[in-house]
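Participant: Got protein20.txt for you, compact mmCIF, C-alpha atoms and all ligand atoms:
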# COMPACT_ATOMS: atom_id res chain seq x y z
CA MET E 1 6.14 -24.19 -17.60
CA HIS E 2 3.78 -21.51 -16.31
CA LYS E 3 5.55 -18.14 -16.35
CA LYS E 4 5.20 -16.42 -13.00
CA ASN E 5 3.06 -13.33 -13.30
CA ILE E 6 4.38 -10.34 -11.38
CA LEU E 7 2.71 -7.00 -10.72
CA VAL E 8 5.26 -4.18 -10.44
CA VAL E 9 3.70 -1.12 -8.86
CA GLY E 10 5.82 1.92 -9.63
CA GLY E 11 7.55 0.11 -12.50
CA ALA E 12 8.06 3.38 -14.41
CA GLY E 13 10.30 4.85 -11.70
CA TYR E 14 14.03 4.59 -11.17
CA ILE E 15 14.36 1.27 -9.37
CA GLY E 16 11.04 -0.12 -10.65
CA SER E 17 12.03 0.31 -14.31
CA HIS E 18 15.32 -1.55 -13.75
CA MET E 19 13.29 -4.27 -12.00
CA VAL E 20 10.89 -4.64 -14.92
CA LYS E 21 13.82 -4.99 -17.31
CA LEU E 22 15.43 -7.70 -15.18
CA LEU E 23 12.15 -9.61 -14.70
CA LEU E 24 11.59 -9.64 -18.46
CA GLU E 25 15.14 -10.85 -19.07
CA ARG E 26 14.46 -13.68 -16.61
CA GLU E 27 11.26 -14.67 -18.43
CA TYR E 28 8.68 -13.48 -15.95
CA ARG E 29 5.35 -12.09 -17.11
CA VAL E 30 5.22 -8.48 -15.96
CA THR E 31 2.50 -5.91 -15.52
CA THR E 32 3.54 -2.40 -14.55
CA PHE E 33 1.01 -0.25 -12.71
CA ASP E 34 2.09 3.37 -12.38
CA ASN E 35 0.42 6.78 -12.29
CA LEU E 36 3.44 8.43 -13.96
CA SER E 37 3.49 11.14 -11.28
CA THR E 38 7.25 10.73 -11.08
CA GLY E 39 7.90 7.87 -13.50
CA TYR E 40 8.26 7.74 -17.28
CA ARG E 41 6.25 5.58 -19.67
CA ASP E 42 9.29 5.08 -21.92
CA ALA E 43 11.28 3.66 -18.99
CA VAL E 44 9.02 0.59 -19.02
CA LEU E 45 10.85 -1.55 -21.54
CA GLY E 46 8.25 -4.28 -21.95
CA GLY E 47 5.38 -6.28 -20.49
CA GLU E 48 1.97 -4.77 -19.98
CA PHE E 49 1.60 -1.17 -18.81
CA ILE E 50 -1.43 0.11 -16.92
CA LEU E 51 -1.75 3.80 -16.15
CA GLY E 52 -3.33 3.68 -12.74
CA ASP E 53 -3.40 5.11 -9.28
CA LEU E 54 -3.30 3.28 -5.96
CA ALA E 55 -5.75 5.83 -4.56
CA ASP E 56 -8.40 4.37 -6.91
CA LYS E 57 -9.71 1.26 -5.16
CA THR E 58 -12.14 0.47 -7.96
CA GLN E 59 -9.33 0.41 -10.48
CA LEU E 60 -7.21 -1.75 -8.20
CA ASP E 61 -10.07 -4.19 -7.78
CA ALA E 62 -10.50 -4.41 -11.56
CA LEU E 63 -6.74 -4.95 -11.97
CA PHE E 64 -6.71 -7.90 -9.58
CA ARG E 65 -9.95 -9.30 -11.00
CA ALA E 66 -8.53 -9.28 -14.52
CA ASN E 67 -5.18 -10.88 -13.64
CA ARG E 68 -3.86 -13.73 -11.55
CA PHE E 69 -0.70 -12.34 -10.06
CA ASP E 70 1.71 -14.66 -8.29
CA ALA E 71 3.36 -11.77 -6.45
CA VAL E 72 3.42 -7.99 -6.14
CA MET E 73 6.48 -5.74 -5.96
CA HIS E 74 5.82 -2.25 -4.66
CA PHE E 75 8.14 0.60 -5.67
CA ALA E 76 5.62 3.44 -5.84
CA SER E 77 6.41 5.85 -3.07
CA PHE E 78 7.54 9.39 -2.59
CA ILE E 79 11.17 9.53 -1.50
CA GLN E 80 12.24 13.09 -0.74
CA VAL E 81 13.08 13.44 2.92
CA GLY E 82 12.92 17.25 3.01
CA GLU E 83 9.59 17.35 1.23
CA SER E 84 8.23 14.76 3.66
CA VAL E 85 9.00 17.15 6.52
CA ARG E 86 7.23 20.06 4.79
CA GLU E 87 4.30 18.06 3.41
CA PRO E 88 3.82 14.99 5.62
CA ALA E 89 0.18 14.54 4.52
CA LYS E 90 1.35 13.89 0.97
CA TYR E 91 3.68 11.16 2.27
CA TYR E 92 1.19 9.50 4.58
CA ALA E 93 -1.47 9.53 1.84
CA ASN E 94 0.73 7.93 -0.81
CA ASN E 95 3.24 5.85 1.10
CA VAL E 96 0.83 4.59 3.75
CA THR E 97 -2.85 4.89 2.71
CA ASN E 98 -2.25 3.94 -0.91
CA THR E 99 -0.11 0.99 0.14
CA LEU E 100 -2.93 -0.17 2.42
CA ASN E 101 -5.28 0.01 -0.58
CA LEU E 102 -2.90 -2.21 -2.50
CA LEU E 103 -2.64 -4.71 0.35
CA ASP E 104 -6.44 -4.77 0.75
CA SER E 105 -6.92 -5.57 -2.93
CA MET E 106 -4.28 -8.28 -2.77
CA GLN E 107 -6.01 -9.81 0.19
CA ALA E 108 -9.44 -9.62 -1.42
CA HIS E 109 -8.09 -11.48 -4.45
CA GLY E 110 -5.97 -14.06 -2.65
CA VAL E 111 -2.53 -12.71 -3.63
CA THR E 112 -0.22 -13.51 -0.74
CA LYS E 113 3.33 -12.59 -1.78
CA PHE E 114 4.62 -9.04 -1.47
CA ILE E 115 8.00 -7.37 -1.87
CA PHE E 116 8.29 -3.95 -0.35
CA SER E 117 10.85 -1.21 -1.03
CA SER E 118 11.87 -0.06 2.41
CA SER E 119 14.75 2.13 3.40
CA ALA E 120 17.67 2.63 5.76
CA ALA E 121 15.64 5.68 6.83
CA VAL E 122 13.69 3.34 9.17
CA TYR E 123 16.69 3.31 11.53
CA GLY E 124 17.21 7.03 12.06
CA GLU E 125 20.44 8.23 13.65
CA PRO E 126 22.69 5.15 13.93
CA ILE E 127 23.65 4.09 17.43
CA ARG E 128 26.09 1.54 15.99
CA THR E 129 27.62 0.96 12.60
CA PRO E 130 27.45 -0.99 10.36
CA ILE E 131 23.70 -1.20 10.86
CA ASP E 132 22.12 -4.63 11.08
CA GLU E 133 18.39 -5.39 10.88
CA GLN E 134 18.01 -5.50 14.67
CA HIS E 135 19.20 -1.92 15.07
CA PRO E 136 16.46 0.18 16.78
CA LYS E 137 13.95 1.80 14.42
CA GLN E 138 13.66 5.48 15.18
CA PRO E 139 13.03 7.22 11.89
CA LEU E 140 13.94 10.91 11.90
CA ASN E 141 11.41 12.12 9.38
CA PRO E 142 7.95 11.37 7.94
CA TYR E 143 9.48 9.57 4.94
CA GLY E 144 11.25 7.05 7.19
CA ARG E 145 8.18 6.74 9.40
CA THR E 146 5.96 5.83 6.42
CA LYS E 147 8.35 3.01 5.56
CA TRP E 148 8.48 1.72 9.13
CA ILE E 149 4.69 1.95 9.50
CA ILE E 150 4.21 -0.27 6.44
CA GLU E 151 6.82 -2.74 7.68
CA GLN E 152 4.84 -3.08 10.93
CA VAL E 153 1.56 -3.38 9.05
CA LEU E 154 3.13 -6.22 7.07
CA GLN E 155 4.10 -8.05 10.26
CA ASP E 156 0.48 -7.83 11.45
CA TYR E 157 -0.92 -8.89 8.05
CA ASP E 158 1.41 -11.85 8.00
CA ARG E 159 0.10 -13.07 11.36
CA ALA E 160 -3.55 -12.32 10.69
CA TYR E 161 -3.95 -12.94 6.95
CA GLY E 162 -0.98 -15.07 5.92
CA LEU E 163 0.40 -12.31 3.67
CA ARG E 164 4.08 -13.21 3.14
CA SER E 165 6.35 -10.28 2.55
CA ILE E 166 9.98 -9.34 2.23
CA CYS E 167 10.96 -5.79 3.10
CA LEU E 168 14.18 -4.64 1.48
CA ARG E 169 15.82 -1.74 3.26
CA TYR E 170 17.85 0.08 0.64
CA PHE E 171 20.86 2.09 1.64
CA ASN E 172 21.92 4.50 -1.15
CA ALA E 173 20.56 3.17 -4.42
CA ALA E 174 22.63 4.50 -7.30
CA GLY E 175 24.07 3.66 -10.71
CA ALA E 176 22.26 2.79 -13.90
CA ASP E 177 21.49 -0.08 -16.21
CA PRO E 178 24.85 -1.41 -17.52
CA ASP E 179 23.29 -1.67 -21.02
CA GLY E 180 22.67 2.08 -20.96
CA LYS E 181 18.93 1.82 -21.53
CA LEU E 182 17.80 3.14 -18.14
CA GLY E 183 19.01 5.42 -15.39
CA GLU E 184 18.06 7.86 -12.69
CA ARG E 185 15.57 10.54 -13.80
CA HIS E 186 14.29 12.33 -10.75
CA ALA E 187 12.81 15.79 -11.12
CA PRO E 188 14.06 17.57 -9.16
CA GLU E 189 17.19 15.47 -8.70
CA THR E 190 18.37 15.45 -5.09
CA HIS E 191 20.74 12.47 -5.00
CA LEU E 192 24.47 12.90 -4.80
CA ILE E 193 25.78 10.76 -7.65
CA PRO E 194 23.55 12.07 -10.46
CA LEU E 195 24.12 15.63 -9.23
CA VAL E 196 27.91 15.17 -9.21
CA LEU E 197 27.72 13.81 -12.75
CA GLN E 198 25.55 16.71 -13.87
CA ALA E 199 28.29 19.00 -12.56
CA ALA E 200 30.81 16.92 -14.56
CA SER E 201 28.78 17.15 -17.78
CA GLY E 202 28.19 20.88 -17.35
CA ARG E 203 24.42 20.53 -16.96
CA ARG E 204 24.87 22.05 -13.49
CA LYS E 205 27.47 24.64 -12.53
CA ASN E 206 28.78 22.82 -9.46
CA ILE E 207 28.08 20.27 -6.76
CA GLN E 208 27.25 21.58 -3.34
CA VAL E 209 28.80 19.53 -0.55
CA PHE E 210 26.47 19.60 2.42
CA GLY E 211 28.79 19.83 5.42
CA ARG E 212 32.54 19.25 5.75
CA ASP E 213 32.70 19.24 9.54
CA TYR E 214 31.31 15.78 10.24
CA ASP E 215 33.16 13.34 12.45
CA THR E 216 34.54 11.37 9.48
CA PRO E 217 38.10 11.19 8.08
CA ASP E 218 37.57 13.97 5.48
CA GLY E 219 34.68 15.69 7.27
CA THR E 220 32.03 14.80 4.68
CA CYS E 221 29.19 12.30 5.14
CA ILE E 222 29.70 8.62 4.49
CA ARG E 223 27.10 6.51 2.70
CA ASP E 224 26.80 2.96 1.40
CA TYR E 225 26.13 3.17 -2.35
CA VAL E 226 24.58 0.09 -3.89
CA HIS E 227 24.13 -0.48 -7.62
CA VAL E 228 20.52 -0.48 -8.79
CA THR E 229 21.09 -3.71 -10.73
CA ASP E 230 22.42 -5.43 -7.61
CA LEU E 231 19.33 -4.19 -5.76
CA CYS E 232 17.09 -5.68 -8.43
CA VAL E 233 18.93 -9.00 -8.26
CA ALA E 234 18.20 -9.04 -4.51
CA HIS E 235 14.51 -8.56 -5.34
CA LEU E 236 14.60 -11.55 -7.67
CA LEU E 237 16.15 -13.68 -4.95
CA ALA E 238 13.55 -12.45 -2.47
CA LEU E 239 10.79 -13.23 -4.95
CA ASP E 240 12.16 -16.72 -5.39
CA ARG E 241 12.15 -17.20 -1.65
CA LEU E 242 8.54 -16.12 -1.32
CA LEU E 243 7.40 -18.22 -4.27
CA LYS E 244 8.98 -21.25 -2.58
CA GLY E 245 6.69 -20.62 0.37
CA GLU E 246 9.27 -19.31 2.81
CA THR E 247 8.51 -16.96 5.68
CA SER E 248 8.38 -13.17 5.78
CA ALA E 249 11.57 -11.23 6.47
CA ALA E 250 13.31 -7.85 6.24
CA TYR E 251 16.83 -7.34 4.89
CA ASN E 252 19.31 -4.52 4.53
CA LEU E 253 20.69 -4.01 1.04
CA GLY E 254 24.06 -2.30 0.94
CA ASN E 255 27.65 -3.20 0.13
CA GLY E 256 29.00 -2.65 3.61
CA ASN E 257 31.50 -0.13 2.21
CA GLY E 258 31.16 3.50 3.12
CA PHE E 259 32.27 6.29 0.79
CA SER E 260 32.37 9.95 1.72
CA VAL E 261 30.89 12.71 -0.42
CA GLN E 262 34.46 13.79 -1.20
CA GLN E 263 35.42 10.25 -2.24
CA VAL E 264 32.40 10.12 -4.56
CA ILE E 265 33.47 13.40 -6.16
CA ASP E 266 37.05 12.12 -6.55
CA ALA E 267 35.81 8.88 -8.10
CA ALA E 268 33.58 10.81 -10.50
CA HIS E 269 36.57 12.90 -11.54
CA ARG E 270 38.57 9.70 -12.13
CA VAL E 271 35.84 8.04 -14.16
CA THR E 272 34.77 11.02 -16.26
CA GLY E 273 38.08 12.81 -16.66
CA ARG E 274 36.14 16.05 -16.11
CA ASP E 275 36.68 18.75 -13.54
CA ILE E 276 33.90 18.87 -11.01
CA PRO E 277 33.44 22.31 -9.45
CA VAL E 278 32.63 22.04 -5.76
CA GLU E 279 30.87 24.50 -3.49
CA TYR E 280 30.95 23.88 0.24
CA ALA E 281 27.56 24.44 1.83
CA PRO E 282 26.10 24.01 5.32
CA ARG E 283 24.97 20.63 6.57
CA ARG E 284 21.63 19.38 5.30
CA GLU E 285 19.19 18.87 8.15
CA GLY E 286 18.72 15.28 9.33
CA ASP E 287 21.83 13.84 7.64
CA PRO E 288 23.62 11.30 9.87
CA ALA E 289 27.43 11.36 9.50
CA ARG E 290 27.70 7.72 8.52
CA LEU E 291 25.18 5.19 7.18
CA VAL E 292 26.65 1.82 6.31
CA ALA E 293 24.78 -1.46 6.02
CA ASP E 294 25.49 -4.80 7.53
CA SER E 295 23.95 -6.96 4.78
CA THR E 296 25.11 -10.30 6.13
CA ALA E 297 21.50 -11.45 6.50
CA ALA E 298 20.63 -10.82 2.83
CA ARG E 299 23.83 -12.54 1.74
CA ARG E 300 23.13 -15.58 3.93
CA ALA E 301 19.39 -15.98 3.54
CA LEU E 302 18.99 -14.88 -0.07
CA GLY E 303 22.42 -15.84 -1.38
CA TRP E 304 22.83 -12.22 -2.51
CA ASN E 305 26.30 -11.36 -3.72
CA PRO E 306 26.52 -7.86 -5.26
CA GLN E 307 28.44 -8.04 -8.55
CA LEU E 308 28.73 -4.30 -9.19
CA ALA E 309 30.02 -3.24 -5.81
CA GLU E 310 32.95 -1.13 -7.07
CA LEU E 311 32.19 2.57 -6.71
CA ASP E 312 33.92 3.33 -10.03
CA THR E 313 31.76 0.77 -11.88
CA LEU E 314 28.59 2.25 -10.42
CA ILE E 315 29.70 5.76 -11.39
CA ARG E 316 30.71 4.61 -14.88
CA HIS E 317 27.20 3.27 -15.49
CA ALA E 318 25.61 6.43 -14.11
CA TRP E 319 27.96 8.52 -16.30
CA GLN E 320 26.97 6.55 -19.41
CA TRP E 321 23.37 7.48 -18.61
CA GLU E 322 24.21 11.11 -17.87
CA CYS E 323 26.01 11.43 -21.22
CA LYS E 324 22.98 9.98 -23.00
CA THR E 325 20.45 12.21 -21.23
CA THR E 326 22.62 15.33 -21.53
CA LYS E 327 22.49 14.80 -25.25
CA TYR E 328 18.69 14.76 -24.99
CA HIS E 329 18.80 18.02 -23.05
CA ALA E 330 21.38 19.74 -25.25
N1 LIG E 401 24.81 15.43 -0.69
C1 LIG E 401 25.58 16.57 -0.96
N2 LIG E 401 25.20 17.40 -1.98
C2 LIG E 401 24.08 17.17 -2.73
C3 LIG E 401 23.31 16.00 -2.46
C4 LIG E 401 23.71 15.15 -1.44
O1 LIG E 401 26.58 16.81 -0.29
O2 LIG E 401 23.78 17.97 -3.62
C5 LIG E 401 25.23 14.52 0.38
C6 LIG E 401 24.17 14.33 1.46
O3 LIG E 401 24.31 15.31 2.45
C7 LIG E 401 24.49 12.92 1.95
C8 LIG E 401 25.04 12.21 0.72
O4 LIG E 401 25.42 13.25 -0.18
O5 LIG E 401 25.51 12.96 2.92
C9 LIG E 401 24.02 11.33 0.04
O6 LIG E 401 22.83 12.07 -0.15
P1 LIG E 401 21.63 11.56 -1.06
O7 LIG E 401 20.59 12.66 -1.08
O8 LIG E 401 22.18 11.09 -2.36
O9 LIG E 401 21.09 10.28 -0.30
P2 LIG E 401 20.57 10.08 1.20
O10 LIG E 401 21.78 9.61 1.97
O11 LIG E 401 20.00 11.35 1.70
O12 LIG E 401 19.56 8.98 1.05
How would this structure read if it were set down as structure tokens?
Facilitator:
Amino acid sequence: MHKKNILVVGGAGYIGSHMVKLLLEREYRVTTFDNLSTGYRDAVLGGEFILGDLADKTQLDALFRANRFDAVMHFASFIQVGESVREPAKYYANNVTNTLNLLDSMQAHGVTKFIFSSSAAVYGEPIRTPIDEQHPKQPLNPYGRTKWIIEQVLQDYDRAYGLRSICLRYFNAAGADPDGKLGERHAPETHLIPLVLQAASGRRKNIQVFGRDYDTPDGTCIRDYVHVTDLCVAHLLALDRLLKGETSAAYNLGNGNGFSVQQVIDAAHRVTGRDIPVEYAPRREGDPARLVADSTAARRALGWNPQLAELDTLIRHAWQWECKTTKYHA
């Protein structure tokens, strides 16, 4: 049987690299296209690797001319909310303009299936919780706006050009490859779970808790942490759906369970057996008190059923990775 040929843009990054690994395990043909601005060549565990930039339309054209891709998955975007406020041009250029370049090349070469990494940031401050896909979209920052702009572009391209897409709105992606081969490697790291584990391993002197006066049971913010491998499985299911010729859609990906910053720290202490020094700090700007997904639609339409939904499991996998990378740093 013809192996489906998938282009993974941003396949050297955190979620992209886990996706490439899973696609290869499931016998897809995979080409990773990445400029390595934030990704790592050694995180791409197989398939073909092309060092390339979405800003380079000539290179994109050559890529699509040389390959017949059945579908494209797009993970290559900047993700730091604070930076997006300070440097919006950087975010609009990469997350919007470069994505349009990719879509143009796809269209020029007759590739009509697209999976897009979107974000809970499209919703902004929740007016109800858990958040379903119909919740109003009022992003609070340029990062969230870039994601919502592309989602709207995709709706228009579907109608006008027949480009079928699935937008996956991630809540808090976390965890690491259960086999220990991959994990989160952001520089600088801004996400809670890897930072807590760096405080546990001693790579960082403490974890700062941003705000303990929120309207939540323990006063710290509540988020919906979803294992990166479960996210990737949802992408496979979405891919399957598109390859079967089904219609475009957008889905939330979360577990529907909220955990507070304090609960994450407690779980990390439980899993690692280490003391985790905490420093209480002011609120971080733009942080809603509670972000929890209603993922009923993804469960129903895609048959998605997260297998690694336990917070302790997710932290155990992230800790395995932290121990491995700390050794590299030591
Ligand atoms: N957070 C924190 N200290 C940190 C990093 C994050 O208290 O050093 C909090 C942050 O305020 C938020 C939660 O942890 O309530 C998750 O933040 P993260 O940056 O991991 O993801 P986000 O929810 O912003 O996508």
Participant: Between atom CA of E:Lys4 and atom CA of E:Gly47, what is the distance, to one decimal in Å?
Facilitator: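 Those two atoms sit 12.6 Å apart.
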Participant: For stretch 100-103 of chain E, list every protein, DNA or RNA residue within 8 Å, evaluated using only C-alpha atoms, and leave out those in the same chain fewer than 5 positions away; present the list as a PyMOL selection string.
Facilitator: chain E and resi 54-55+57+60
Participant: With only C-alpha atoms as the counted atoms, please give the residues lying no more than 10 Å from E:Gly162, apart from itself and same-chain residues fewer than 2 positions off, as a ChimeraX atom specification.
Facilitator: /E:107,110-113,154-160,164-165,247-248
Participant: With 9 Å as the cut-off and all atoms listed in the file counted, what is the closest atom pair between each nearby residue of chain E and ligand LIG 401 (chain E)? Distances in Å to one decimal, ordered by chain and number, as a Markdown table.
Facilitator:
| residue | atom | partner | partner_atom | distance |
| --- | --- | --- | --- | --- |
| E:Ile79 | CA | E:LIG401 | O12 | 8.8 |
| E:Gln80 | CA | E:LIG401 | O11 | 8.3 |
| E:Val81 | CA | E:LIG401 | O11 | 7.3 |
| E:Ser119 | CA | E:LIG401 | O12 | 8.7 |
| E:Ala120 | CA | E:LIG401 | O12 | 8.1 |
| E:Ala121 | CA | E:LIG401 | O12 | 7.7 |
| E:Phe171 | CA | E:LIG401 | O12 | 7.0 |
| E:Asn172 | CA | E:LIG401 | O12 | 5.5 |
| E:Ala173 | CA | E:LIG401 | O12 | 8.0 |
| E:Ala174 | CA | E:LIG401 | O8 | 8.2 |
| E:Glu189 | CA | E:LIG401 | O2 | 8.7 |
| E:Thr190 | CA | E:LIG401 | O7 | 5.4 |
| E:His191 | CA | E:LIG401 | O8 | 3.3 |
| E:Leu192 | CA | E:LIG401 | O8 | 3.8 |
| E:Ile193 | CA | E:LIG401 | O8 | 6.4 |
| E:Pro194 | CA | E:LIG401 | O8 | 8.3 |
| E:Leu195 | CA | E:LIG401 | O2 | 6.1 |
| E:Val196 | CA | E:LIG401 | O2 | 7.5 |
| E:Ile207 | CA | E:LIG401 | O2 | 5.8 |
| E:Gln208 | CA | E:LIG401 | N2 | 4.9 |
| E:Val209 | CA | E:LIG401 | O1 | 3.5 |
| E:Phe210 | CA | E:LIG401 | O1 | 3.9 |
| E:Gly211 | CA | E:LIG401 | O1 | 6.8 |
| E:Arg212 | CA | E:LIG401 | O1 | 8.8 |
| E:Thr220 | CA | E:LIG401 | O5 | 7.0 |
| E:Cys221 | CA | E:LIG401 | O5 | 4.3 |
| E:Ile222 | CA | E:LIG401 | O5 | 6.2 |
| E:Arg223 | CA | E:LIG401 | O10 | 6.2 |
| E:Asp224 | CA | E:LIG401 | O10 | 8.4 |
| E:Tyr225 | CA | E:LIG401 | C9 | 8.8 |
| E:Ser260 | CA | E:LIG401 | O5 | 7.6 |
| E:Val261 | CA | E:LIG401 | O4 | 5.5 |
| E:Gln262 | CA | E:LIG401 | O1 | 8.5 |
| E:Val264 | CA | E:LIG401 | O4 | 8.8 |
| E:Tyr280 | CA | E:LIG401 | O1 | 8.3 |
| E:Ala281 | CA | E:LIG401 | O1 | 8.0 |
| E:Arg283 | CA | E:LIG401 | O3 | 6.8 |
| E:Arg284 | CA | E:LIG401 | O3 | 5.6 |
| E:Glu285 | CA | E:LIG401 | O3 | 8.4 |
| E:Gly286 | CA | E:LIG401 | O11 | 8.7 |
| E:Asp287 | CA | E:LIG401 | O3 | 5.9 |
| E:Pro288 | CA | E:LIG401 | O5 | 7.4 |
| E:Ala289 | CA | E:LIG401 | O5 | 7.0 |
| E:Arg290 | CA | E:LIG401 | O5 | 8.0 |
| E:Leu291 | CA | E:LIG401 | O10 | 7.6 |
Participant: Looking at all atoms listed in the file, which of E:Ala199, E:Val85, E:Val122, E:Leu243 is the one that sits closest to E:Pro136?
Facilitator: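 Using all atoms listed in the file, the shortest distance to E:Pro136 belongs to E:Val122.
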Participant: What is the atom CA of E:Gly124-atom CA of E:Arg169 distance in Å, reported with one decimal?
Facilitator: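 Those two atoms sit 12.5 Å apart.
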Participant: Just give me the residues with any atom within 12 Å of (9.9, -17.9, -4.5), file coordinates, counting all atoms listed in the file, written as JSON, numbers by chain.
Facilitator: {"E": [4, 6, 70, 71, 72, 112, 113, 114, 115, 164, 165, 166, 235, 236, 237, 238, 239, 240, 241, 242, 243, 244, 245, 246, 247, 248, 302]}
Participant: Which value, in Å to one decimal, gives the distance between atom CA of E:Ile50 and atom CA of E:Phe33?
Facilitator: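 We find that atom CA of E:Ile50 and atom CA of E:Phe33 lie 4.9 Å from each other.
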Participant: So, counting only C-alpha atoms, which residue among E:Leu7, E:Leu168, E:Ala234, E:Ile265 is closest to E:Arg29?
Facilitator: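 The shortest atom-to-atom distance to E:Arg29 comes from E:Leu7.
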Participant: So which residues touch stretch 93-99 of chain E within 12 Å, counting only C-alpha atoms, skipping near sequence neighbours fewer than 5 positions away, as a ChimeraX atom specification?
Facilitator: /E:9-10,35,37,52-57,60,72-80,84,87-88,104-106,114-118,142-154
Participant: Using all atoms listed in the file, which of the listed residues (E:Val278, E:Leu197, E:Leu253, E:Leu311) sits closest to E:Arg299?
Facilitator: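 The closest residue to E:Arg299 is E:Leu253.
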Participant: Excluding E:Glu322 and any residue of its chain fewer than 6 positions from it, enumerate the residues within 12 Å of it, using all atoms listed in the file, and give them as a PDB file with C-alpha atoms, in the coordinates of the input.
Facilitator:
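File written: around-v1.pdb
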ATOM      1  CA  GLY E 175      24.070   3.660 -10.710  1.00  0.00           C
ATOM      2  CA  ALA E 176      22.260   2.790 -13.900  1.00  0.00           C
ATOM      3  CA  ASP E 177      21.490  -0.080 -16.210  1.00  0.00           C
ATOM      4  CA  GLY E 180      22.670   2.080 -20.960  1.00  0.00           C
ATOM      5  CA  LYS E 181      18.930   1.820 -21.530  1.00  0.00           C
ATOM      6  CA  LEU E 182      17.800   3.140 -18.140  1.00  0.00           C
ATOM      7  CA  GLY E 183      19.010   5.420 -15.390  1.00  0.00           C
ATOM      8  CA  GLU E 184      18.060   7.860 -12.690  1.00  0.00           C
ATOM      9  CA  ARG E 185      15.570  10.540 -13.800  1.00  0.00           C
ATOM     10  CA  ILE E 193      25.780  10.760  -7.650  1.00  0.00           C
ATOM     11  CA  PRO E 194      23.550  12.070 -10.460  1.00  0.00           C
ATOM     12  CA  LEU E 195      24.120  15.630  -9.230  1.00  0.00           C
ATOM     13  CA  VAL E 196      27.910  15.170  -9.210  1.00  0.00           C
ATOM     14  CA  LEU E 197      27.720  13.810 -12.750  1.00  0.00           C
ATOM     15  CA  GLN E 198      25.550  16.710 -13.870  1.00  0.00           C
ATOM     16  CA  ALA E 199      28.290  19.000 -12.560  1.00  0.00           C
ATOM     17  CA  ALA E 200      30.810  16.920 -14.560  1.00  0.00           C
ATOM     18  CA  SER E 201      28.780  17.150 -17.780  1.00  0.00           C
ATOM     19  CA  GLY E 202      28.190  20.880 -17.350  1.00  0.00           C
ATOM     20  CA  ARG E 203      24.420  20.530 -16.960  1.00  0.00           C
ATOM     21  CA  ARG E 204      24.870  22.050 -13.490  1.00  0.00           C
ATOM     22  CA  ALA E 268      33.580  10.810 -10.500  1.00  0.00           C
ATOM     23  CA  THR E 272      34.770  11.020 -16.260  1.00  0.00           C
ATOM     24  CA  ILE E 315      29.700   5.760 -11.390  1.00  0.00           C
ATOM     25  CA  ARG E 316      30.710   4.610 -14.880  1.00  0.00           C
ATOM     26  CA  TYR E 328      18.690  14.760 -24.990  1.00  0.00           C
ATOM     27  CA  HIS E 329      18.800  18.020 -23.050  1.00  0.00           C
ATOM     28  CA  ALA E 330      21.380  19.740 -25.250  1.00  0.00           C
TER      29      ALA E 330
END
Participant: Show which residues sit within 8 Å of E:Tyr40, as a ChimeraX atom specification. Count all atoms listed in the file, and ignore same-chain residues fewer than 4 positions away.
Facilitator: /E:12-13,36,44
Participant: Write out, as a JSON list (two decimals), keeping the file's coordinate frame, the residues just selected, with C-alpha atoms.
Facilitator:
[["chain", "number", "residue", "atom", "x", "y", "z"],
["E", 12, "ALA", "CA", 8.06, 3.38, -14.41],
["E", 13, "GLY", "CA", 10.30, 4.85, -11.70],
["E", 36, "LEU", "CA", 3.44, 8.43, -13.96],
["E", 44, "VAL", "CA", 9.02, 0.59, -19.02]]
Participant: Could you check which of E:Gln59, E:Thr229, E:Asn67, E:Ser17 is closest to E:Thr313, using all atoms listed in the file?
Facilitator: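 Answer, going by the shortest atom-to-atom distance: E:Thr229.
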Participant: Determine the nearest neighbour of E:Tyr251 from the options E:Arg270, E:His135, E:Lys327, E:Lys90, counting only C-alpha atoms.
Facilitator: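 Smallest separation from E:Tyr251 among the options: E:His135.
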Participant: Restricting the calculation to all atoms listed in the file: of E:Ser295, E:Thr325, E:Asn257, E:Asn141, which residue gets closest to E:Ala309?
Facilitator: E:Asn257
